[in-house]
Amino acid sequence: MKNNQSNLLFFLFSLLLLSCSKSKDVVDEQNTQLPPQEAATIQGFYLLNEGNWNTNMASLDYYNYATGIYHKDIYTKINSNATLGLGDVGNDIGIYGSKLYAVINASDKIEVMDVNTCKRIKSITLKNCRYITFSNGKAYASAYNGDIVLGSNSSLGIVVEIDTVSLEIKRTVEVGRQPEEVAIIGNKLYVANSGGYSPPDYERTVSVIDMMSFTKIKSIDVAVNLHRLKADAGGDLYVSSRGDYYDTPSRLVVIDSKNDVVKKTFDIAVSNISIAGDSAYVIGSAFNYNTNNWTNTFHLINTKTETLLENSFISDGSASELDKPYGIAVDPTSKNIYITDAKDYVSSGMLYGYNKEGKKIFKISSGNIPAHFAFTYK
Amino acid sequence: MPAQSLSGNALQQLNSFSVADAIRYFSGAQLKDYGGIGGLKTINIRSMGTQHVGVFLDGISIGNAQNGTVDLGKYSLDNIDVIELYNGNKPDQLQPAKAFFSSSGLYLQTARPIFESTQKKKLRTTFKTGSFGLTNPSFLWQQKLSNSFSSSANAEWVSAHGKYKYRRSEGLFDTTAIRQNADITALRAEVAVFKTIHTAGSAFLKAYYYASNRGLPGAIVENRYYNPQRLWDKNFFVHGSYKNQITEHYGLLLNLKFTRDFTRYQDPQYITTQGSLNNTYEQKEWYASVAQKYSLRKWWSVGLSTDLSYNTLDANLYRFAYPQRYSYLGSLSSHFNWDQLSIQTALQYAYFDEQVKHYKASEDRKVASPTMALSWQPFVNQNLRVRSFYKEIFRMPTFNDLYYTLVGNTFLKPEYTRQYDVGISWMIENSKIVESFSTQVDVYYNQVQNKIVAVPAANLFRWMMLNLGSVSIKGLEANINFTKRLFHDLVWNSGLSYTYQQALNTTKEQSSYNHQIPYTPIHSGTAHGSFRYNNYSINYSFIYTGERYVLPENIAKNWLQPWYTTDLGCVYNFKKVQAVLSINNLFNQYYDVVLNFPMPGRNYRLSLTLKI
C-alpha cells in the first residue's frame, strides 16, 4: 500500500509537471477574405482595437482594399520583440507621411510605426494621452496629465507638439481639464475639453491655440463635457457634448472657425462622428439612467446646409445588428461606411462595412473594443 | 453536505501566511490573488462566484454589503484555530439564518482560551520576518478570571515594503522588474471575554479592530510599471453571543453584532478640481440573530433561525444614492437522524427592503428556497458514507452592483444558484497499514442564473461587473488524506486534492456561448506532505492551476498559462519555542493568478513563537 501511494504521488506529480510545460499557442493571427474594394487613392485602413483596461490587449488590424484581406492583430506578429506589445487601451490612431501613430492611453505613450510595414520606429511617452492630429510636419496630441509642464497637482491637460522627423516633443500648451479630440483649421488648433474627472463640474469650452505662438488665445463656450471635434470642408467644427449622463443630454454643436462662435446646435445623441465630403455621419448610443436602456441612432447631416437629414444612413434595416456602435469612419473616396460594434466590451467586437447607399457589404469579428480608423493613401 | 477542514498541525503544514493561502488546499476552491502581501485575495467555490461564498468568523457572517467579497488576505492565521469549508451549508440547526443563505460557507474559528486545571494564564508571542521586508509581531494573552470566566487579548502588527522581482516574457522579449507600491502596514487587535454556562452553554463578548494602509500596485501593462494608488481600511466590530441548551430538548443561540467598515481610496494621478481623487466609503451593519432548536424525538429535531440586519453605505461620491437595506432572513429546518441514515431539509425565506436617499432604489424582494441533504452509512462497521444534497439559494446584487455608477453598467439582476451533489466519504482509523486514512469524492452540477462575473477594471478596488447570463457547472472533486507511522518516531502525513470543473457560459446570444467562464481552470489540484520526527518536521506543498481564460471568450488572446508552485517548510520545536522556516515558490516560478498582476517568485519567511 505504501508503495502504491508513493507511486500514485509520483505519477500525479509528473502529470502535473507535464501539463505545465505547454506553451502558449502562437498568436492566432488570422487573415480573412472580405470583398475587395476599389484601391485608387485609398488602399485600405488600419483599425485600432482598444482592449479592455488593464488587459494590455490593444491590437491593430488592417483591411487591404485591393486583396480584400482583413489582417488581424498585425502589430504583435511584426513586433514580437516589443516588450508587452502594443499596450493598454488604444485611444486614437493617425497617419502622417510614412508614419503611423497609435495613441495608447493607459500605456502613457504614442507608438510610432512605419505605415507600410507596421514596424515600431519609436515610442513617445506622454502620460494619459488621448487624441492626435497633424499639420505642417508636426503631430499634435492631447493629454489629460500635464505634469511635464504644469507639475503634478494641476488638474489641467495639455496639447503637445511633436516633430514628425525627430519624434521629439517640441512645445506644449496648457488647455482645459481632460482635453479630448483635436483639429486644426488654418492657423488655429482646436481642442475639446471635457472636465470628466470632476462631475458635475464639467468643462464647457473648446480651447483655441494659435499655431505660431503655441499659446491659448481663447475659449469658446459650447456645452458640458465635450468630446468629439471634427473639421468639415467649409471651415466649420462639429463638436460633440456628452451631456452629464442625467439631465443634460448629448448634443452636437457647430462652430464657425472664422469668428469662433457657435452657429448651430443639433439635439441628437452623439457618440462618434465621421465627416466625408459634405456629409457628417453621426452615431449615437446614449445610456439613459432613468430608463436603463441604450438607444442607437444613425444620423446624417449635410454640412453645407447644416441640416439634419431625415433618414438613417444605414438603409437596409441591418442597423439593428449593431449592439454598441462605437467607432465610425467613412471612406472619403468611395463613401463606404465602416462601423465598429464594441458589444459587451469584454468579447471580440465586430466591424461592419456598408456601401455608400447604406447597404451592408460585410461584417467581421475584430479585436476587443474595435474603435479607431486610419485610411492609408497611395 | 461535503465538508473540508484544516486545523492544528495540518494548518501549519501548509506554510501559509494568511487564511487565503491556506484555503487554496481545499478542493473546489479557486483563490483570486492579486499578488503580494497586501494584494486582494478572494475565494470562489465551485465556480459560482466569490459573492456566493459566505465567510463566517466565529459563526457570524463577515459580509460586505458594498461589493459582496471578503478580502481573505486580511485574515492572518495568527489567531485562527480551525478553517472549515462547507458546500451547501454547515449542517447545523443551531446557527444564524445567514449561514443558510450562501451557496457555500467558509468558517473561521478563532482561538478560545482553554486552561489546564492549575493554569491561570497563557501567553504566546510570535515574530515573523522574511522577504518583502516583512516585520510581523503578534501577541496573545489569555487569562482565567474565575471558574466560568476567562478573557483574551490578541494583537498583531504587519509591516512590509512588499517589493519583489517578477518576470514577463512572451514572443521575443523577456524582462524583469520590481513590483512597486506594494507596501502594507496593518494592525489587528481583538479583546474578548468568555463565559461557560453550566456544561453545555457558553457566551462571549468580543471587540475587533483592524486598520491598514497599503499601496495598490495595479496591473503591469506596456510602459506602465508603477501605479501610485493607495487604500486605507478601518474595520471595527463588537460581537456578543450566547448559546445554551436550555432544557433537554431546547437549544438557543443568540447573536448581536455591530460592524463599521471604513475605506479610503486615493489616486494621485486622477486630479479633479478638488485635488487628487480621494474616495471614502463607510459601511455599517446592525445584526441580530435568534436560532432555536427543538428535539421532538430522539431521531427528529426542528430548528428555526431568524435574522434581522440593517446595512448602510455612505460615500463621498458624486450622485451617490446612500443606500440602506433591511434584510429579514428566516430558515426552518428539520433533521432526521437515525443510526445509518440522516435526512435534513430546510426552507429559507428572505425579505429585503431597500431605501435610498437619492435616485431610485432597487425594488423590495422576497424569496423562498429549499435545501435538502441526506447521508447514508450502508455498513454498520465501516465509516463509509454516501451523501447527496440539493440546494437553491440566491444573492442580492451588492450596493456596488446597484448604485456604483463611475465604471461600467451597474444595473444587474439578482443571481440564483442551484446545486446538485452526490458523493462518498470513507474513513479508516488505526488500521494495520495506516494510522488514519480518509477520502471523499463528489460529483456535482451547479446552475447559476443571472450570473454576475467580476472582471478587473480600472484598478484593484473597482470591478467591471457583467451579467454573464447563465452558467452551468459540472464538476468532480476528490481528496485523499492519510497519516502513517513509518518508523518509531517518524510520521508521514500527506494529502492530495483534485478538482475538475467545466463551467460553461450558457447564455445563447453571446459570442462566448458554451465557453469556459473567465478565471476557471478545468483541472486544478494540490498535494501536500509532511514528515515529523520527534521535534522536527518538514512540510511540502504543491499547487497546480490549469489553463484559464481572462475574458469570456476562449480565444488565444485571452489565454492564461497554467501555473504551479511548491512551498517548503521546516519546523523545529524546542520546549516552549517553535521556529519555522518557510520557502515559498521554491522553484521561483513566475505566474499570474489574475492577468497582469504578477505573483512573487521564491520568497522566505522565518517565524519564532514562544508559548508560556
# chains A, B, ... in the order shown; residues from 1 in each chain; ligands from 1

$ interface_residues --of "chain B" --to "chain A" --cutoff "8 Å" --atoms "only C-alpha atoms" --output "VMD selection string"
chain B and resid 168 to 175 219 to 224 269 to 276 318 411 433 456 to 459 511 to 512 544 546 551 to 553 556 to 557 559 561 to 564 595 to 596

$ select_by_dssp --residues "range 434-587 of chain B" --states "strand (DSSP E)" --output "count of residues only"
105

$ residues_around --residues "His198 in chain B" --least-positions-apart "6" --cutoff "10 Å" --atoms "only C-alpha atoms" --output "list in words"
Ser148, Asn244 and Gln245 of chain B

$ write_last_selection --atoms "N, CA, C and O atoms" --output "mmCIF file, in the first residue's frame"
data_model
loop_
_atom_site.group_PDB
_atom_site.id
_atom_site.type_symbol
_atom_site.label_atom_id
_atom_site.label_comp_id
_atom_site.auth_asym_id
_atom_site.auth_seq_id
_atom_site.Cartn_x
_atom_site.Cartn_y
_atom_site.Cartn_z
ATOM 1 N N SER B 148 -15.743 30.200 35.666
ATOM 2 C CA SER B 148 -16.521 30.251 34.427
ATOM 3 C C SER B 148 -16.106 31.376 33.483
ATOM 4 O O SER B 148 -16.442 31.359 32.315
ATOM 5 N N ASN B 244 -26.964 28.182 24.580
ATOM 6 C CA ASN B 244 -27.233 27.318 25.729
ATOM 7 C C ASN B 244 -28.260 26.263 25.382
ATOM 8 O O ASN B 244 -29.165 26.480 24.578
ATOM 9 N N GLN B 245 -28.102 25.134 26.023
ATOM 10 C CA GLN B 245 -29.099 24.081 25.947
ATOM 11 C C GLN B 245 -30.022 24.329 27.139
ATOM 12 O O GLN B 245 -29.722 23.947 28.264
#

$ atom_distance --atom1 "CA of Ser131 in chain B" --atom2 "CA of Val158 in chain B"
12.8 Å

$ atom_distance --atom1 "CA of Val253 in chain A" --atom2 "CA of Tyr131 in chain A"
19.4 Å
